[in-house]
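Visitor: This is the content of model12.csv (CSV, C-alpha atoms):
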chain,number,residue,atom,x,y,z
A,1,MET,CA,133.2,165.5,152.9
A,2,ARG,CA,132.5,162.4,155.1
A,3,ASN,CA,135.2,160.2,156.6
A,4,LEU,CA,134.1,156.5,156.7
A,5,MET,CA,135.6,153.4,158.3
A,6,LEU,CA,135.2,149.9,157.0
A,7,VAL,CA,136.0,146.7,158.9
A,8,VAL,CA,136.9,144.2,156.2
A,9,GLU,CA,137.3,140.4,156.1
A,10,TYR,CA,139.1,138.6,153.2
A,11,ASP,CA,140.6,135.4,152.0
A,12,GLY,CA,143.9,136.6,150.6
A,13,THR,CA,144.8,133.5,148.8
A,14,ASP,CA,144.3,134.9,145.3
A,15,TYR,CA,145.6,138.4,146.0
A,16,CYS,CA,149.1,140.0,145.8
A,17,GLY,CA,148.5,141.5,149.2
A,18,PHE,CA,146.3,144.4,150.4
A,19,GLN,CA,148.1,147.4,148.9
A,20,VAL,CA,147.6,148.4,145.3
A,21,GLN,CA,150.5,147.5,143.1
A,22,ALA,CA,151.5,148.1,139.5
A,23,ARG,CA,150.7,144.5,138.6
A,24,GLY,CA,148.4,141.9,140.2
A,25,ARG,CA,145.1,141.8,142.0
A,26,THR,CA,144.9,143.4,145.4
A,27,VAL,CA,142.3,143.8,148.1
A,28,GLN,CA,142.7,147.6,148.1
A,29,GLY,CA,142.1,147.5,144.3
A,30,GLU,CA,138.9,145.5,144.7
A,31,LEU,CA,137.6,147.8,147.4
A,32,GLU,CA,138.4,150.9,145.4
A,33,ALA,CA,136.7,149.5,142.4
A,34,ALA,CA,133.6,148.7,144.4
A,35,LEU,CA,133.5,152.1,146.0
A,36,ARG,CA,133.7,153.7,142.5
A,37,GLN,CA,130.9,151.5,141.3
A,38,VAL,CA,128.7,152.3,144.3
A,39,THR,CA,129.4,156.1,144.8
A,40,GLY,CA,130.5,157.1,141.3
A,41,GLU,CA,133.7,158.6,142.9
A,42,SER,CA,137.4,157.8,142.5
A,43,ILE,CA,138.3,157.0,146.1
A,44,ARG,CA,141.6,156.1,147.6
A,45,ALA,CA,141.1,153.8,150.5
A,46,ALA,CA,143.8,153.5,153.3
A,47,GLY,CA,144.3,150.2,155.1
A,48,ALA,CA,145.6,149.7,158.6
A,49,GLY,CA,147.8,146.8,157.7
A,50,ARG,CA,149.6,146.0,154.4
A,51,THR,CA,149.1,142.2,154.5
A,52,ASP,CA,151.3,140.0,152.5
A,53,ALA,CA,150.4,138.2,149.3
A,54,GLY,CA,148.3,135.2,150.3
A,55,ALA,CA,147.6,136.4,153.9
A,56,HIS,CA,144.1,136.9,155.2
A,57,ALA,CA,142.2,139.3,157.4
A,58,LEU,CA,139.3,139.0,159.8
A,59,GLY,CA,139.5,142.6,161.0
A,60,GLN,CA,141.3,144.8,158.5
A,61,VAL,CA,140.3,148.5,159.0
A,62,VAL,CA,140.0,150.8,156.0
A,63,SER,CA,139.2,154.5,155.9
A,64,PHE,CA,138.3,156.8,153.1
A,65,ARG,CA,136.6,160.1,152.3
A,66,THR,CA,133.5,160.5,150.2
A,67,GLN,CA,130.9,163.1,149.2
A,68,SER,CA,128.3,160.4,149.0
A,69,HIS,CA,125.3,160.7,151.3
A,70,ILE,CA,124.5,157.0,151.2
A,71,ASP,CA,123.7,155.7,154.7
A,72,ALA,CA,126.5,153.7,156.3
A,73,ASP,CA,124.6,150.5,156.6
A,74,ALA,CA,123.2,150.8,153.1
A,75,LEU,CA,126.7,151.5,151.8
A,76,GLY,CA,128.0,148.3,153.4
A,77,ARG,CA,125.2,146.2,151.8
A,78,ALA,CA,125.9,147.9,148.4
A,79,LEU,CA,129.6,147.2,148.6
A,80,ASN,CA,129.0,143.5,149.5
A,81,GLY,CA,126.7,143.3,146.5
A,82,VAL,CA,129.5,144.1,144.1
A,83,LEU,CA,132.7,142.9,145.8
A,84,PRO,CA,134.0,139.4,144.9
A,85,ASP,CA,133.1,136.6,147.3
A,86,ASP,CA,136.5,136.5,148.9
A,87,VAL,CA,136.2,140.1,150.3
A,88,ALA,CA,133.4,141.1,152.7
A,89,VAL,CA,132.7,144.4,154.4
A,90,ARG,CA,131.6,143.6,158.0
A,91,ARG,CA,130.9,147.1,159.2
A,92,VAL,CA,130.7,150.7,158.0
A,93,ARG,CA,130.8,153.7,160.3
A,94,GLU,CA,131.2,157.4,160.0
A,95,VAL,CA,134.2,158.6,162.0
A,96,GLY,CA,135.9,161.9,162.9
A,97,GLU,CA,137.7,163.8,160.2
A,98,LYS,CA,141.1,163.2,161.7
A,99,PHE,CA,140.7,159.4,161.8
A,100,HIS,CA,143.0,157.5,159.5
A,101,ALA,CA,143.0,153.6,159.4
A,102,ARG,CA,146.8,153.3,159.5
A,103,HIS,CA,148.1,156.5,161.1
A,104,SER,CA,145.6,156.4,164.0
A,105,ALA,CA,146.2,152.8,164.8
A,106,VAL,CA,148.0,152.0,168.1
A,107,GLY,CA,148.1,148.2,167.8
A,108,ARG,CA,147.6,145.3,165.5
A,109,TRP,CA,146.8,141.7,166.3
A,110,TYR,CA,148.1,139.0,163.9
A,111,ARG,CA,147.6,135.3,164.3
A,112,TYR,CA,149.5,132.5,162.6
A,113,THR,CA,147.7,129.1,162.5
A,114,ILE,CA,149.6,125.8,162.3
A,115,LEU,CA,147.7,122.6,161.6
A,116,ASN,CA,149.7,120.1,163.8
A,117,ARG,CA,148.7,116.6,163.0
A,118,ASP,CA,149.7,113.7,160.7
A,119,ALA,CA,147.4,114.5,157.8
A,120,PRO,CA,146.9,117.8,156.0
A,121,SER,CA,143.4,119.2,155.6
A,122,ALA,CA,141.6,119.5,152.4
A,123,LEU,CA,139.1,122.1,153.8
A,124,GLN,CA,141.6,124.2,155.8
A,125,ARG,CA,144.5,124.2,153.4
A,126,ARG,CA,144.1,127.8,152.4
A,127,PHE,CA,144.3,129.1,155.9
A,128,VAL,CA,146.8,126.9,157.8
A,129,HIS,CA,150.4,125.8,157.6
A,130,HIS,CA,150.6,122.0,158.0
A,131,ILE,CA,153.3,120.6,160.3
A,132,TRP,CA,153.1,116.9,160.9
A,133,HIS,CA,155.9,116.8,163.5
A,134,PRO,CA,154.6,117.0,167.1
A,135,LEU,CA,155.2,120.5,168.5
A,136,ASP,CA,156.0,121.4,172.1
A,137,VAL,CA,153.6,124.3,172.5
A,138,GLY,CA,154.8,125.0,176.0
A,139,ALA,CA,158.3,125.6,174.8
A,140,MET,CA,157.0,127.8,171.9
A,141,ASP,CA,155.0,129.9,174.4
A,142,GLN,CA,158.0,130.2,176.6
A,143,ALA,CA,160.1,131.4,173.7
A,144,SER,CA,157.5,133.9,172.6
A,145,GLN,CA,157.8,135.8,175.9
A,146,TYR,CA,161.3,137.0,174.9
A,147,LEU,CA,159.6,139.0,172.2
A,148,VAL,CA,157.4,141.1,174.6
A,149,GLY,CA,158.6,144.7,175.0
A,150,ARG,CA,160.3,147.3,173.0
A,151,HIS,CA,163.1,145.7,170.9
A,152,ASP,CA,165.0,146.0,167.6
A,153,PHE,CA,163.3,143.3,165.5
A,154,ARG,CA,165.7,143.4,162.6
A,155,THR,CA,166.4,139.7,163.2
A,156,PHE,CA,162.8,138.9,162.1
A,157,GLY,CA,161.9,141.5,159.5
A,158,ALA,CA,162.8,144.3,157.2
A,159,GLY,CA,162.1,148.0,157.4
A,160,GLY,CA,163.7,151.5,157.7
A,161,THR,CA,163.2,151.7,161.4
A,162,THR,CA,163.2,148.2,163.0
A,163,VAL,CA,162.3,149.0,166.6
A,164,ARG,CA,158.8,147.9,167.5
A,165,THR,CA,156.9,147.3,170.8
A,166,VAL,CA,155.2,143.9,171.2
A,167,GLU,CA,152.5,144.1,173.8
A,168,ARG,CA,151.5,140.4,173.8
A,169,ALA,CA,152.9,137.2,172.4
A,170,CYS,CA,151.7,133.7,173.1
A,171,CYS,CA,151.3,130.2,171.6
A,172,HIS,CA,148.5,127.8,172.6
A,173,ARG,CA,146.9,124.6,171.2
A,174,ASP,CA,143.3,124.4,170.1
A,175,ASP,CA,142.7,120.8,169.3
A,176,ASP,CA,144.9,120.0,166.3
A,177,ARG,CA,145.8,123.6,165.6
A,178,VAL,CA,148.6,125.6,167.2
A,179,LEU,CA,147.9,129.4,167.3
A,180,VAL,CA,150.7,132.0,167.4
A,181,ASP,CA,149.3,135.4,168.5
A,182,LEU,CA,151.3,138.6,168.4
A,183,VAL,CA,150.0,142.1,169.3
A,184,ALA,CA,152.3,145.0,168.6
A,185,ASN,CA,152.2,148.7,167.8
A,186,ALA,CA,153.3,147.9,164.3
A,187,PHE,CA,155.1,145.1,162.4
A,188,LEU,CA,158.1,144.9,160.0
A,189,THR,CA,157.7,143.3,156.6
A,190,GLY,CA,157.8,139.5,157.1
A,191,MET,CA,158.1,139.8,160.9
A,192,VAL,CA,155.2,137.5,162.0
A,193,ARG,CA,156.0,134.8,159.4
A,194,SER,CA,159.7,134.8,160.5
A,195,ILE,CA,158.8,134.7,164.2
A,196,ALA,CA,156.4,131.8,163.5
A,197,GLY,CA,159.0,129.9,161.6
A,198,THR,CA,161.5,130.4,164.5
A,199,LEU,CA,158.9,129.3,167.1
A,200,ILE,CA,158.3,126.1,165.0
A,201,ARG,CA,162.0,125.3,165.3
A,202,VAL,CA,161.6,125.7,169.1
A,203,GLY,CA,158.5,123.5,169.1
A,204,MET,CA,160.4,120.8,167.2
A,205,GLY,CA,163.2,120.8,169.7
A,206,GLN,CA,165.8,122.2,167.2
A,207,ILE,CA,166.6,125.3,169.4
A,208,ALA,CA,166.0,126.2,173.0
A,209,PRO,CA,163.5,128.9,173.9
A,210,ILE,CA,166.2,131.2,175.2
A,211,GLU,CA,167.7,131.3,171.7
A,212,VAL,CA,164.9,133.5,170.6
A,213,GLY,CA,166.0,136.1,173.1
A,214,ARG,CA,169.6,135.8,171.9
A,215,MET,CA,168.5,136.3,168.3
A,216,LEU,CA,166.9,139.6,169.2
A,217,LEU,CA,170.2,140.8,170.8
A,218,GLU,CA,172.3,139.6,167.9
A,219,GLY,CA,170.2,141.5,165.3
A,220,ASN,CA,171.2,139.0,162.6
A,221,ARG,CA,168.5,138.1,160.1
A,222,ALA,CA,170.3,134.8,159.2
A,223,LEU,CA,169.7,133.5,162.7
A,224,ALA,CA,165.9,133.4,162.4
A,225,GLY,CA,164.0,130.4,161.3
A,226,PRO,CA,162.7,130.2,157.7
A,227,SER,CA,159.7,132.3,157.0
A,228,VAL,CA,156.5,130.2,156.9
A,229,PRO,CA,153.9,130.4,154.1
A,230,ALA,CA,151.6,133.4,154.1
A,231,LYS,CA,148.5,131.3,154.0
A,232,GLY,CA,148.6,130.7,157.8
A,233,LEU,CA,148.7,134.4,158.6
A,234,CYS,CA,145.6,136.5,159.5
A,235,LEU,CA,145.2,140.1,160.6
A,236,MET,CA,142.7,139.6,163.4
A,237,ALA,CA,142.1,143.1,164.7
A,238,VAL,CA,143.3,146.7,164.7
A,239,TYR,CA,143.2,148.8,167.9
A,240,TYR,CA,142.6,152.6,168.3
A,241,ARG,CA,142.4,155.0,171.1
A,242,GLU,CA,139.3,156.8,169.7
A,243,ALA,CA,136.3,155.8,171.7
A,244,ASP,CA,133.9,156.4,168.7
A,245,VAL,CA,135.9,153.9,166.7
A,246,SER,CA,136.9,151.2,169.1
A,247,GLU,CA,133.3,150.4,170.0
A,248,TYR,CA,132.7,149.2,166.4
A,249,LEU,CA,135.7,146.9,166.1
What do you get writing this file as structure tokens?
Guide:
Amino acid sequence: MRNLMLVVEYDGTDYCGFQVQARGRTVQGELEAALRQVTGESIRAAGAGRTDAGAHALGQVVSFRTQSHIDADALGRALNGVLPDDVAVRRVREVGEKFHARHSAVGRWYRYTILNRDAPSALQRRFVHHIWHPLDVGAMDQASQYLVGRHDFRTFGAGGTTVRTVERACCHRDDDRVLVDLVANAFLTGMVRSIAGTLIRVGMGQIAPIEVGRMLLEGNRALAGPSVPAKGLCLMAVYYREADVSEYL
């Protein structure tokens, strides 16, 4: 039995998230259907991140076991030949038998993209959240630094255990886009979108940067800014300690 890893890119606009659900189209469901078509096996694929409905991925990592002897590169080409146009397998590699896309991950990088200009965009509308009000990105970046470290993030998300470690948080401007980047060992449900909504409030001058630190200490979900739409959210990359995996990501 081989253990294979995929690096997958997708436009999540028309999906109910990554994970298979009782109802609705999911990225995992499309991948498993493609794997069944190519290998003839019923395969359960595990994803590193359970992205929200409407959210996207540039570097989602998926692992699965198969008895197929198809060469990794040929398998990738075959999968792309049957997958819908909004899902693409970027890489396929054979990995050690203990590797698991989610359980082996030590970090995830999410990016939230804000289009910050007067007019919305017809071409970028599926991938950005439009804010016409000028944003103070310096204040947003200052506020994001309060998130770095090991904290209880119940203010910004839901989950059984709400303590997470944020390794990096920053905001910067790229022309008319404002990028919010967060790297953490794991994320709570809705955490990135809630943080982005709160940082937008900082950028608009509605709250001071230090208020983000106070929100963390309070642990009150009602204090956070409104969650922003999923369309601006993208899973950029997943990190692993295994050297035989990391070189392919």
Visitor: Produce a table with one row for each residue of segment 102-194 of chain A that has an atom at most 9 Å from any atom of segment 223-228 of chain A, each row naming the nearest atom pair and its distance in Å at one decimal; use all atoms listed in the file; arrange rows by chain and rising residue number; format as CSV.
Guide:
residue,atom,partner,partner_atom,distance
A:His129,CA,A:Val228,CA,7.6
A:Thr155,CA,A:Ala224,CA,6.4
A:Phe156,CA,A:Ala224,CA,6.3
A:Gly190,CA,A:Ser227,CA,7.4
A:Met191,CA,A:Ser227,CA,8.6
A:Val192,CA,A:Ser227,CA,8.5
A:Arg193,CA,A:Ser227,CA,5.1
A:Ser194,CA,A:Ser227,CA,4.3
Visitor: Can I get the residues of segment 142-222 of chain A within 10 Å of segment 114-122 of chain A, each with the closest pair of atoms and their distance in Å to one decimal, using only C-alpha atoms, sorted chain first then ascending number, as JSON lines?
Guide:
{"residue": "A:Arg173", "atom": "CA", "partner": "A:Asn116", "partner_atom": "CA", "distance": 9.1}
{"residue": "A:Asp174", "atom": "CA", "partner": "A:Leu115", "partner_atom": "CA", "distance": 9.7}
{"residue": "A:Asp175", "atom": "CA", "partner": "A:Asn116", "partner_atom": "CA", "distance": 8.9}
{"residue": "A:Asp176", "atom": "CA", "partner": "A:Asn116", "partner_atom": "CA", "distance": 5.4}
{"residue": "A:Arg177", "atom": "CA", "partner": "A:Leu115", "partner_atom": "CA", "distance": 4.5}
{"residue": "A:Val178", "atom": "CA", "partner": "A:Ile114", "partner_atom": "CA", "distance": 5.0}
{"residue": "A:Leu179", "atom": "CA", "partner": "A:Ile114", "partner_atom": "CA", "distance": 6.4}
{"residue": "A:Val180", "atom": "CA", "partner": "A:Ile114", "partner_atom": "CA", "distance": 8.1}
{"residue": "A:Ala196", "atom": "CA", "partner": "A:Ile114", "partner_atom": "CA", "distance": 9.1}
{"residue": "A:Ile200", "atom": "CA", "partner": "A:Ile114", "partner_atom": "CA", "distance": 9.1}
Visitor: Please identify all polymer residues within 9 Å of Ala72 of chain A, counting all atoms listed in the file, omitting same-chain residues fewer than 2 positions from it, and present them as number ranges by chain.
Guide: A: 4, 69-70, 74-77, 91-94
Visitor: Generate a file of the selected residues that holds C-alpha atoms, formatted as a compact mmCIF listing (two decimals), keeping the file's coordinate frame.
Guide:
# COMPACT_ATOMS: atom_id res chain seq x y z
CA LEU A 4 134.10 156.50 156.70
CA HIS A 69 125.30 160.70 151.30
CA ILE A 70 124.50 157.00 151.20
CA ALA A 74 123.20 150.80 153.10
CA LEU A 75 126.70 151.50 151.80
CA GLY A 76 128.00 148.30 153.40
CA ARG A 77 125.20 146.20 151.80
CA ARG A 91 130.90 147.10 159.20
CA VAL A 92 130.70 150.70 158.00
CA ARG A 93 130.80 153.70 160.30
CA GLU A 94 131.20 157.40 160.00
Visitor: For each of A:Arg36, A:Arg65, A:Arg168, A:Arg25, take the minimum atom-to-atom distance to Ala53 of chain A, counting only C-alpha atoms, then give the residue where this is smallest.
Guide: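 Of A:Arg36, A:Arg65, A:Arg168, A:Arg25, the one nearest Ala53 of chain A, counting only C-alpha atoms, is A:Arg25.
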Visitor: For atom CA of His56 of chain A and atom CA of Arg126 of chain A, determine how far apart the two atoms are, in Å to one decimal place.
Guide: 9.5 Å
Visitor: For Arg201 of chain A, find every residue with an atom within 9 Å (counting all atoms listed in the file), except residues of its own chain fewer than 5 positions away, and show them as a list in words.
Guide: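 That gives Leu135, Met140, Ala196, Gln206, Ile207, Ala208 and Gly225 of chain A.
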Visitor: In Å to one decimal, how far is atom CA of Ala78 of chain A from atom CA of Met1 of chain A?
Guide: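 Separating atom CA of Met1 of chain A from atom CA of Ala78 of chain A is a distance of 19.6 Å.
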Visitor: Do you know which residues are at most 8 Å from Gln19 of chain A counting all atoms listed in the file, after dropping those on the same chain fewer than 5 positions away, and could you put them as a list in words?
Guide: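 In the requested form, the answer reads Thr26, Val27, Gln28, Gly29, Gly47, Arg50 and Thr51 of chain A.
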Visitor: Hey, what's within 12 Å of Pro209 of chain A if we count only C-alpha atoms and toss same-chain stuff fewer than 4 positions away? As a PDB file with C-alpha atoms, in the frame of the given file, please?
Guide:
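Produced file out.pdb, reproduced below:
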ATOM      1  CA  ASP A 136     156.000 121.400 172.100  1.00  0.00           C
ATOM      2  CA  VAL A 137     153.600 124.300 172.500  1.00  0.00           C
ATOM      3  CA  GLY A 138     154.800 125.000 176.000  1.00  0.00           C
ATOM      4  CA  ALA A 139     158.300 125.600 174.800  1.00  0.00           C
ATOM      5  CA  MET A 140     157.000 127.800 171.900  1.00  0.00           C
ATOM      6  CA  ASP A 141     155.000 129.900 174.400  1.00  0.00           C
ATOM      7  CA  GLN A 142     158.000 130.200 176.600  1.00  0.00           C
ATOM      8  CA  ALA A 143     160.100 131.400 173.700  1.00  0.00           C
ATOM      9  CA  SER A 144     157.500 133.900 172.600  1.00  0.00           C
ATOM     10  CA  GLN A 145     157.800 135.800 175.900  1.00  0.00           C
ATOM     11  CA  TYR A 146     161.300 137.000 174.900  1.00  0.00           C
ATOM     12  CA  LEU A 147     159.600 139.000 172.200  1.00  0.00           C
ATOM     13  CA  THR A 198     161.500 130.400 164.500  1.00  0.00           C
ATOM     14  CA  LEU A 199     158.900 129.300 167.100  1.00  0.00           C
ATOM     15  CA  ILE A 200     158.300 126.100 165.000  1.00  0.00           C
ATOM     16  CA  ARG A 201     162.000 125.300 165.300  1.00  0.00           C
ATOM     17  CA  VAL A 202     161.600 125.700 169.100  1.00  0.00           C
ATOM     18  CA  GLY A 203     158.500 123.500 169.100  1.00  0.00           C
ATOM     19  CA  MET A 204     160.400 120.800 167.200  1.00  0.00           C
ATOM     20  CA  GLY A 205     163.200 120.800 169.700  1.00  0.00           C
ATOM     21  CA  GLY A 213     166.000 136.100 173.100  1.00  0.00           C
ATOM     22  CA  ARG A 214     169.600 135.800 171.900  1.00  0.00           C
ATOM     23  CA  MET A 215     168.500 136.300 168.300  1.00  0.00           C
TER      24      MET A 215
END
Visitor: Report the distance between atom CA of Ala184 of chain A and atom CA of Ala105 of chain A in Å, rounded to one decimal place.
Guide: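 Distance reported for this atom pair: 10.6 Å.
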Visitor: Under the rule that all atoms listed in the file are counted, which of A:Phe99, A:Tyr239, A:Phe127, A:Phe187 is the nearest residue to Ala57 of chain A?
Guide: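 Answer, going by the shortest atom-to-atom distance: A:Phe127.
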Visitor: Which is closest to His172 of chain A among A:Ala33, A:Tyr112, A:Ile43, A:Arg221, if we use only C-alpha atoms?
Guide: A:Tyr112
Visitor: When distances are computed from only C-alpha atoms, which of A:Asp85, A:Glu242, A:Asp152, A:Asp11 shows the smallest separation from Asp52 of chain A?
Guide: A:Asp11
Visitor: I'd like to know which of A:Cys170, A:Val183, A:Val148, A:Val128 is closest to Thr113 of chain A, using all atoms listed in the file.
Guide: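 With all atoms listed in the file as the atom set, the closest residue is A:Val128.
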